[in-house]
Structure formats: C-alpha cells, structure tokens
Amino acid sequence: MKIIIDTDPGQDDAVAILVALASPEIELLGITTVGGNVSVAHTTANALKTLELAGRTDIPVHAGAARPLRRAPVDAAHVHGATGFEGVDLPPPRLRAQAEPAAEFLVRTLASHPPGSVTLCTIGPMTNIALALRHAPAIASRIGRIVAMIGAWSEVGNITAAAEFNAYADPDAAAAVFASGIPIVMVPLDVTHRLQISAARLSRLRALGNRIGPVVADWFAFEKRFEAEKYGTDGGPLHDPNTILLLLRPELYEGRSVNVRFETESPLTRGMSVVDWWGVSGLPANALVLRTVDADGVFALLNERLGRL
Ligand code: BDR
Ligand code: CA
C-alpha cells in the first residue's frame with residue numbers, strides 16, 4: 001500500500017508515523033505537514049524528529065499550510081504542549097524539509113502514480129488537501145481513498161461542545177474534501193473514545209523493550225493527562241494511529257457508509273460534523289464512518305508494530 005501522511009505532530013500523530021514506518025505492507029511516499037496542534041514550523045520539525053528517531057531519513061517531508069483556508073488559526077498546545085512534543089522533546093532535527101510545498105508535492109505525486117493507487121492518511125486539519133484540490137481538481141480521481149481522523153457523530157465535540165479539533169481547525173477544508181467525491185474512511189471520536197490508553201496499556205507500551213517504547217509511553221502520558229482529566233477516565237483516547245492500523249487490520253473496525261457534511265458558518269457549531277447516521281437527509285453517502293472497534297485487538301496490533309522498531 002502506497003500512502004502519504006498529512007499531519008500536525010503532535011504526539012499521537014508521531015505514533016501514527018512510527019506505525020507506518022514499522023509496517024512492511026506500507027510504502028510511505030512522503031509526509032506533508034500542516035499547522036494544527038501547534039504551528040507548522042513545530043509540526044514540520046516534529047515530523048523530521050520522528051523520522052530520525054526511527055532511523056528513516058529517506059522519507060521526504062514537505063511543509064504545508066501555516067493557517068486554515070479562511071479562519072484564524074487555532075491550536076491545541078494546551079493538550080500537546082508548546083512544541084507539540086512535550087513529554088519527550090527529541091533533539092533538534094538535522095534532516096531538513098524539502099523545498100517543494102506540501103500541496104505541490106501532493107499534486108505531483110498523485111499525478112505520477114496510477115489512478116487509485118495512493119491512499120492519503122489525514123490526521124490533522126485538511127487544509128493541504130483542500131489546497132491541492134483547488135490547484136488541481138483532477139487529482140480527486142487519482143486518490144485511491146482518504147483515511148481521515150476527523151469529526152464525530154454521537155461523541156460530538158472535543159475542542160468545543162460541537163466540534164472535533166481537526167474539523168474545527170479548518171471546517172472549510174473538511175467541507176471541500178468531503179464534497180470532492182473522493183472515497184473517504186472517517187475515523188471519528190466515536191471510535192477513538194473507545195480506545196482508552198489506560199495505565200495498564202501505557203505500561204505495556206513502556207515495556208516494549210526497544211528505544212521507542214518509553215518515548216511513546218512518555219508522549220502519551222503527557223498528551224493524555226489533559227484528556228483523562230477532561231473525561232474522568234483512566235487515560236485518554238488513541239486518535240491518529242487508527243488511520244494506519246485500520247489499513248493493516250480493517251476487520252478490527254466497523255461502520256456505515258453515510259452522508260457527512262461540516263458546518264462552516266455558525267459561530268456556535270463551527271466545525272461540527274453532521275453525520276447522517278440514520279439516512280434521514282436523502283443525501284448520497286460520501287464516507288464510510290467507523291463507529292465500533294475491537295479495542296484489545298487495536299492495542300495488540302499497536303504494540304506488535306511499535307515493538308518492531
Ligand atoms: C485530533 O486532534 C489532535 O489534537 C490529535 O492529534 C488528533 O488528530 C483529535 O481530535
Ligand atoms: Ca493530529
């Protein structure tokens with residue numbers, strides 16, 4: 001499977017990248033970065049640090065949008081720390097990002113691969129994908145599918161009462177991508193909130209027996225302290241790595257093909273994903289929205305893959 005990861009690392013984004021690097025079924029063509037959890041300067045540096053941690057300096061990193069299409073930028077530094085990597089801030093990268101911007105890399109790479117052969121895994125705000133579609137609408141028909149951590153149905157919001165962070169940060173981009181006709185698999189909070197990184201799961205990660213285990217455990221311990229407090233749970237949810245894990249073991253997840261739209265105007269519900277789970281709108285399905293998950297299966301797969309690094 002050839003994939004591109006569009007990302008705003010962020011601890012859980014970095015773990016998604018590590019899982020992809022650990023998986024021989026996956027060929028990672030490149031990483032595109034976007035401002036989201038923290039600024040694009042930090043997310044780009046963090047992507048480079050993650051590749052150096054894994055010893056995979058052969059993967060190109062292309063920096064992308066610093067700000068959303070239309071709105072003022074919002075971040076999630078209160079969750080991820082000022083650099084996005086609080087918990088373990090790795091040494092400054094020696095590796096550099098490519099000169100070519102993210103949207104141009106996306107267009108060029110998709111145009112030079114057979115139609116349908118590349119999957120985009122998006123785990124941050126969708127600004128880069130929307131910009132690429134704006135510059136070259138024909139790439140829509142060349143993308144095999146988008147696997148996106150974004151939005152929510154019954155779990156509603158995590159950054160506001162109505163919206164999930166990646167959708168809230170750039171609702172116009174999400175709306176454009178979901179209206180593009182590209183096949184989409186959506187990993188919403190309904191899935192990630194069933195995947196609690198409990199103390200027991202954290203200690204199994206720490207004990208992987210390689211260099212990566214304690215780094216991932218310390219990252220999650222930092223990121224999840226905020227969410228554990230918010231939800232009153234033992235640990236916080238596993239978000240972004242699902243977009244990679246489900247490529248490896250799709251049978252761990254179940255969902256329904258339905259229509260999804262995003263609120264772009266209302267100040268009250270900005271970024272809300274309107275998921276027509278019951279099919280009442282009469283609108284055609286534009287995404288496979290996942291809802292249930294085999295949590296023990298997901299954590300077993302996560303550990304097995306990270307243990308390979
Ligand atoms: C999403 O927001 C970010 O904080 C995480 O990295 C994840 O992509 C969860 O809502
Ligand atoms: Ca993310």
# chains A, B, ... in the order shown; residues from 1 in each chain; ligands from 1

call {"tool": "residues_near_ligand", "arguments": {"ligand": "ligand 2", "cutoff": "12 Å", "atoms": "only C-alpha atoms and all ligand atoms", "output": "JSON, numbers by chain"}}
result
{"A": [5, 6, 7, 8, 9, 10, 11, 12, 13, 14, 15, 16, 17, 33, 34, 35, 36, 37, 38, 43, 46, 47, 75, 76, 77, 79, 80, 84, 85, 121, 122, 123, 124, 125, 126, 148, 149, 150, 151, 164, 165, 166, 167, 169, 187, 223, 238, 239, 240, 241, 242, 243]}

call {"tool": "write_last_selection", "arguments": {"atoms": "C-alpha atoms", "output": "mmCIF file, in the first residue's frame"}}
result
data_model
loop_
_atom_site.group_PDB
_atom_site.id
_atom_site.type_symbol
_atom_site.label_atom_id
_atom_site.label_comp_id
_atom_site.auth_asym_id
_atom_site.auth_seq_id
_atom_site.Cartn_x
_atom_site.Cartn_y
_atom_site.Cartn_z
ATOM 1 C CA ILE A 5 0.523 11.021 5.708
ATOM 2 C CA ASP A 6 -0.769 14.574 6.107
ATOM 3 C CA THR A 7 -0.162 15.513 9.711
ATOM 4 C CA ASP A 8 0.320 18.013 12.564
ATOM 5 C CA PRO A 9 2.610 16.215 15.047
ATOM 6 C CA GLY A 10 1.645 16.200 17.970
ATOM 7 C CA GLN A 11 2.473 13.064 19.944
ATOM 8 C CA ASP A 12 -0.311 10.846 18.576
ATOM 9 C CA ASP A 13 0.485 11.923 15.002
ATOM 10 C CA ALA A 14 4.101 10.866 15.573
ATOM 11 C CA VAL A 15 2.942 7.452 16.770
ATOM 12 C CA ALA A 16 0.871 7.072 13.587
ATOM 13 C CA ILE A 17 4.012 7.814 11.540
ATOM 14 C CA THR A 33 2.759 18.863 7.475
ATOM 15 C CA VAL A 34 0.138 21.410 8.430
ATOM 16 C CA GLY A 35 -0.386 23.917 11.206
ATOM 17 C CA GLY A 36 -2.813 22.440 13.723
ATOM 18 C CA ASN A 37 -1.905 21.122 17.146
ATOM 19 C CA VAL A 38 0.978 23.634 17.040
ATOM 20 C CA THR A 43 4.846 20.200 13.207
ATOM 21 C CA ASN A 46 8.466 17.148 14.794
ATOM 22 C CA ALA A 47 7.885 15.075 11.646
ATOM 23 C CA ASP A 75 -4.078 25.308 18.092
ATOM 24 C CA ALA A 76 -4.166 22.577 20.718
ATOM 25 C CA ALA A 77 -0.961 23.491 22.573
ATOM 26 C CA VAL A 79 -3.120 19.369 25.010
ATOM 27 C CA HIS A 80 0.202 18.731 23.264
ATOM 28 C CA GLY A 84 3.682 19.622 20.294
ATOM 29 C CA PHE A 85 6.122 17.062 21.682
ATOM 30 C CA CYS A 121 -3.990 9.369 5.611
ATOM 31 C CA THR A 122 -5.010 12.735 7.060
ATOM 32 C CA ILE A 123 -4.537 13.219 10.779
ATOM 33 C CA GLY A 124 -4.638 16.998 11.105
ATOM 34 C CA PRO A 125 -6.739 19.840 9.673
ATOM 35 C CA MET A 126 -7.438 19.137 5.968
ATOM 36 C CA ALA A 148 -9.118 10.610 7.966
ATOM 37 C CA MET A 149 -9.130 11.045 11.714
ATOM 38 C CA ILE A 150 -11.755 13.743 11.884
ATOM 39 C CA GLY A 151 -15.144 14.605 13.290
ATOM 40 C CA GLU A 164 -13.687 17.702 16.950
ATOM 41 C CA PHE A 165 -10.330 19.509 16.704
ATOM 42 C CA ASN A 166 -9.234 18.629 13.129
ATOM 43 C CA ALA A 167 -12.632 19.692 11.772
ATOM 44 C CA ALA A 169 -9.372 23.996 12.960
ATOM 45 C CA VAL A 187 -12.278 7.702 11.990
ATOM 46 C CA GLU A 223 -0.869 14.197 25.983
ATOM 47 C CA LEU A 238 -5.972 6.812 20.948
ATOM 48 C CA HIS A 239 -6.710 9.031 17.935
ATOM 49 C CA ASP A 240 -4.430 9.270 14.892
ATOM 50 C CA PRO A 241 -2.677 5.841 14.797
ATOM 51 C CA ASN A 242 -6.049 4.290 13.874
ATOM 52 C CA THR A 243 -5.728 5.636 10.320
#

call {"tool": "residues_around", "arguments": {"residues": "Gly297 (chain A)", "least_positions_apart": "4", "cutoff": "12 Å", "atoms": "only C-alpha atoms", "output": "list in words"}}
result
Leu195, Asn242, Leu245, Leu246, Leu248, Arg249, Pro250, Glu251, Leu252, Tyr253, Val293, Leu301, Leu302, Asn303 and Glu304 of chain A

call {"tool": "write_last_selection", "arguments": {"atoms": "N, CA, C and O atoms", "output": "PDB file, in the first residue's frame"}}
result
ATOM      1  N   LEU A 195     -11.041   3.725  22.741  1.00  0.00           N
ATOM      2  CA  LEU A 195      -9.666   3.219  22.797  1.00  0.00           C
ATOM      3  C   LEU A 195      -8.892   3.991  23.861  1.00  0.00           C
ATOM      4  O   LEU A 195      -8.063   4.841  23.554  1.00  0.00           O
ATOM      5  N   ASN A 242      -5.013   5.147  14.475  1.00  0.00           N
ATOM      6  CA  ASN A 242      -6.049   4.290  13.874  1.00  0.00           C
ATOM      7  C   ASN A 242      -6.060   4.348  12.352  1.00  0.00           C
ATOM      8  O   ASN A 242      -6.420   3.373  11.696  1.00  0.00           O
ATOM      9  N   LEU A 245      -3.459   1.785  11.489  1.00  0.00           N
ATOM     10  CA  LEU A 245      -3.778   0.441  11.984  1.00  0.00           C
ATOM     11  C   LEU A 245      -4.918  -0.175  11.169  1.00  0.00           C
ATOM     12  O   LEU A 245      -4.932  -1.381  10.915  1.00  0.00           O
ATOM     13  N   LEU A 246      -5.868   0.642  10.746  1.00  0.00           N
ATOM     14  CA  LEU A 246      -7.005   0.057  10.017  1.00  0.00           C
ATOM     15  C   LEU A 246      -6.630  -0.363   8.601  1.00  0.00           C
ATOM     16  O   LEU A 246      -7.302  -1.205   7.996  1.00  0.00           O
ATOM     17  N   LEU A 248      -3.969  -1.973   8.088  1.00  0.00           N
ATOM     18  CA  LEU A 248      -3.336  -3.272   8.339  1.00  0.00           C
ATOM     19  C   LEU A 248      -4.359  -4.335   8.722  1.00  0.00           C
ATOM     20  O   LEU A 248      -4.253  -5.486   8.312  1.00  0.00           O
ATOM     21  N   ARG A 249      -5.350  -3.938   9.541  1.00  0.00           N
ATOM     22  CA  ARG A 249      -6.348  -4.912  10.025  1.00  0.00           C
ATOM     23  C   ARG A 249      -7.737  -4.278   9.970  1.00  0.00           C
ATOM     24  O   ARG A 249      -8.329  -3.950  11.013  1.00  0.00           O
ATOM     25  N   PRO A 250      -8.311  -4.104   8.755  1.00  0.00           N
ATOM     26  CA  PRO A 250      -9.612  -3.427   8.647  1.00  0.00           C
ATOM     27  C   PRO A 250     -10.714  -4.125   9.425  1.00  0.00           C
ATOM     28  O   PRO A 250     -11.682  -3.492   9.854  1.00  0.00           O
ATOM     29  N   GLU A 251     -10.553  -5.429   9.649  1.00  0.00           N
ATOM     30  CA  GLU A 251     -11.621  -6.173  10.331  1.00  0.00           C
ATOM     31  C   GLU A 251     -11.765  -5.779  11.816  1.00  0.00           C
ATOM     32  O   GLU A 251     -12.726  -6.174  12.467  1.00  0.00           O
ATOM     33  N   LEU A 252     -10.831  -4.989  12.331  1.00  0.00           N
ATOM     34  CA  LEU A 252     -10.944  -4.534  13.725  1.00  0.00           C
ATOM     35  C   LEU A 252     -11.978  -3.411  13.876  1.00  0.00           C
ATOM     36  O   LEU A 252     -12.336  -3.036  14.988  1.00  0.00           O
ATOM     37  N   TYR A 253     -12.411  -2.863  12.746  1.00  0.00           N
ATOM     38  CA  TYR A 253     -13.289  -1.679  12.771  1.00  0.00           C
ATOM     39  C   TYR A 253     -14.567  -1.970  11.983  1.00  0.00           C
ATOM     40  O   TYR A 253     -14.538  -2.680  10.984  1.00  0.00           O
ATOM     41  N   VAL A 293     -15.187  -0.752  17.376  1.00  0.00           N
ATOM     42  CA  VAL A 293     -13.790  -1.145  17.249  1.00  0.00           C
ATOM     43  C   VAL A 293     -13.467  -2.222  18.283  1.00  0.00           C
ATOM     44  O   VAL A 293     -14.018  -2.215  19.378  1.00  0.00           O
ATOM     45  N   LEU A 301      -2.192  -4.838  18.170  1.00  0.00           N
ATOM     46  CA  LEU A 301      -1.540  -4.527  16.889  1.00  0.00           C
ATOM     47  C   LEU A 301      -0.568  -3.350  17.043  1.00  0.00           C
ATOM     48  O   LEU A 301       0.546  -3.369  16.521  1.00  0.00           O
ATOM     49  N   LEU A 302      -0.997  -2.325  17.789  1.00  0.00           N
ATOM     50  CA  LEU A 302      -0.129  -1.155  18.021  1.00  0.00           C
ATOM     51  C   LEU A 302       1.193  -1.600  18.666  1.00  0.00           C
ATOM     52  O   LEU A 302       2.283  -1.228  18.217  1.00  0.00           O
ATOM     53  N   ASN A 303       1.079  -2.402  19.704  1.00  0.00           N
ATOM     54  CA  ASN A 303       2.298  -2.848  20.413  1.00  0.00           C
ATOM     55  C   ASN A 303       3.160  -3.729  19.523  1.00  0.00           C
ATOM     56  O   ASN A 303       4.384  -3.615  19.524  1.00  0.00           O
ATOM     57  N   GLU A 304       2.484  -4.610  18.785  1.00  0.00           N
ATOM     58  CA  GLU A 304       3.253  -5.520  17.926  1.00  0.00           C
ATOM     59  C   GLU A 304       4.045  -4.721  16.909  1.00  0.00           C
ATOM     60  O   GLU A 304       5.229  -4.994  16.659  1.00  0.00           O
TER      61      GLU A 304
END

call {"tool": "select_by_dssp", "arguments": {"residues": "region 79-305 of chain A", "states": "alpha helix (DSSP H)", "output": "ChimeraX atom specification"}}
result
/A:79-80,102-111,127-135,165-169,171-178,189-192,199-206,212-231,242-248,295-305

call {"tool": "select_by_dssp", "arguments": {"residues": "region 140-193 of chain A", "states": "strand (DSSP E)", "output": "NGL selection string"}}
result
:A and (143-149 or 184-187)

call {"tool": "write_last_selection", "arguments": {"atoms": "N, CA, C and O atoms", "output": "PDB file, in the first residue's frame"}}
result
ATOM      1  N   ILE A 143      -6.818   9.845  -6.363  1.00  0.00           N
ATOM      2  CA  ILE A 143      -6.616   9.392  -4.981  1.00  0.00           C
ATOM      3  C   ILE A 143      -7.422   8.115  -4.763  1.00  0.00           C
ATOM      4  O   ILE A 143      -8.621   8.081  -5.050  1.00  0.00           O
ATOM      5  N   GLY A 144      -6.763   7.048  -4.286  1.00  0.00           N
ATOM      6  CA  GLY A 144      -7.477   5.798  -4.028  1.00  0.00           C
ATOM      7  C   GLY A 144      -8.557   6.025  -2.991  1.00  0.00           C
ATOM      8  O   GLY A 144      -9.736   5.757  -3.202  1.00  0.00           O
ATOM      9  N   ARG A 145      -8.129   6.536  -1.844  1.00  0.00           N
ATOM     10  CA  ARG A 145      -9.075   6.938  -0.807  1.00  0.00           C
ATOM     11  C   ARG A 145      -8.357   7.789   0.222  1.00  0.00           C
ATOM     12  O   ARG A 145      -7.121   7.782   0.291  1.00  0.00           O
ATOM     13  N   ILE A 146      -9.153   8.492   0.999  1.00  0.00           N
ATOM     14  CA  ILE A 146      -8.622   9.255   2.131  1.00  0.00           C
ATOM     15  C   ILE A 146      -9.068   8.536   3.388  1.00  0.00           C
ATOM     16  O   ILE A 146     -10.247   8.185   3.530  1.00  0.00           O
ATOM     17  N   VAL A 147      -8.128   8.278   4.281  1.00  0.00           N
ATOM     18  CA  VAL A 147      -8.471   7.733   5.597  1.00  0.00           C
ATOM     19  C   VAL A 147      -8.189   8.856   6.586  1.00  0.00           C
ATOM     20  O   VAL A 147      -7.035   9.276   6.747  1.00  0.00           O
ATOM     21  N   ALA A 148      -9.247   9.369   7.198  1.00  0.00           N
ATOM     22  CA  ALA A 148      -9.118  10.610   7.966  1.00  0.00           C
ATOM     23  C   ALA A 148      -9.537  10.428   9.418  1.00  0.00           C
ATOM     24  O   ALA A 148     -10.619   9.897   9.690  1.00  0.00           O
ATOM     25  N   MET A 149      -8.672  10.883  10.334  1.00  0.00           N
ATOM     26  CA  MET A 149      -9.130  11.045  11.714  1.00  0.00           C
ATOM     27  C   MET A 149      -9.742  12.427  11.786  1.00  0.00           C
ATOM     28  O   MET A 149      -9.028  13.444  11.746  1.00  0.00           O
ATOM     29  N   ILE A 184     -13.863   8.196   1.124  1.00  0.00           N
ATOM     30  CA  ILE A 184     -13.305   8.586   2.437  1.00  0.00           C
ATOM     31  C   ILE A 184     -13.678   7.543   3.489  1.00  0.00           C
ATOM     32  O   ILE A 184     -14.827   7.094   3.547  1.00  0.00           O
ATOM     33  N   VAL A 185     -12.701   7.170   4.298  1.00  0.00           N
ATOM     34  CA  VAL A 185     -12.961   6.400   5.518  1.00  0.00           C
ATOM     35  C   VAL A 185     -12.735   7.366   6.670  1.00  0.00           C
ATOM     36  O   VAL A 185     -11.652   7.950   6.789  1.00  0.00           O
ATOM     37  N   MET A 186     -13.767   7.553   7.486  1.00  0.00           N
ATOM     38  CA  MET A 186     -13.683   8.553   8.563  1.00  0.00           C
ATOM     39  C   MET A 186     -13.546   7.846   9.907  1.00  0.00           C
ATOM     40  O   MET A 186     -14.361   6.995  10.261  1.00  0.00           O
ATOM     41  N   VAL A 187     -12.488   8.216  10.628  1.00  0.00           N
ATOM     42  CA  VAL A 187     -12.278   7.702  11.990  1.00  0.00           C
ATOM     43  C   VAL A 187     -12.678   8.825  12.942  1.00  0.00           C
ATOM     44  O   VAL A 187     -11.921   9.767  13.154  1.00  0.00           O
TER      45      VAL A 187
END

call {"tool": "closest_residue", "arguments": {"among": "A:Pro237, A:Pro24, A:Gly307, A:Pro91", "to": "Asn158 (chain A)", "atoms": "only C-alpha atoms"}}
result
A:Pro237

call {"tool": "residues_around", "arguments": {"residues": "Ala217 (chain A)", "least_positions_apart": "4", "cutoff": "8 Å", "atoms": "only C-alpha atoms", "output": "count of residues only"}}
result
6

call {"tool": "closest_residue", "arguments": {"among": "A:Arg256, A:Ile182, A:Asn286, A:Ala152", "to": "Ser273 (chain A)", "atoms": "only C-alpha atoms"}}
result
A:Ala152

call {"tool": "closest_residue", "arguments": {"among": "A:Gly279, A:Pro214, A:Gly235, A:Pro188", "to": "ligand 1", "atoms": "only C-alpha atoms and all ligand atoms"}}
result
A:Pro188

call {"tool": "closest_residue", "arguments": {"among": "A:Ala66, A:Leu29, A:Ala111, A:Leu189", "to": "ligand 1", "atoms": "only C-alpha atoms and all ligand atoms"}}
result
A:Leu189

call {"tool": "atom_distance", "arguments": {"atom1": "CA of Val258 (chain A)", "atom2": "CA of Arg71 (chain A)"}}
result
27.3 Å

call {"tool": "closest_residue", "arguments": {"among": "A:Gly157, A:Gly81, A:Gly30, A:Gly55", "to": "Gln98 (chain A)", "atoms": "only C-alpha atoms"}}
result
A:Gly30

call {"tool": "closest_residue", "arguments": {"among": "A:Leu69, A:Ile244, A:Leu53, A:Val191", "to": "Ser154 (chain A)", "atoms": "only C-alpha atoms"}}
result
A:Val191
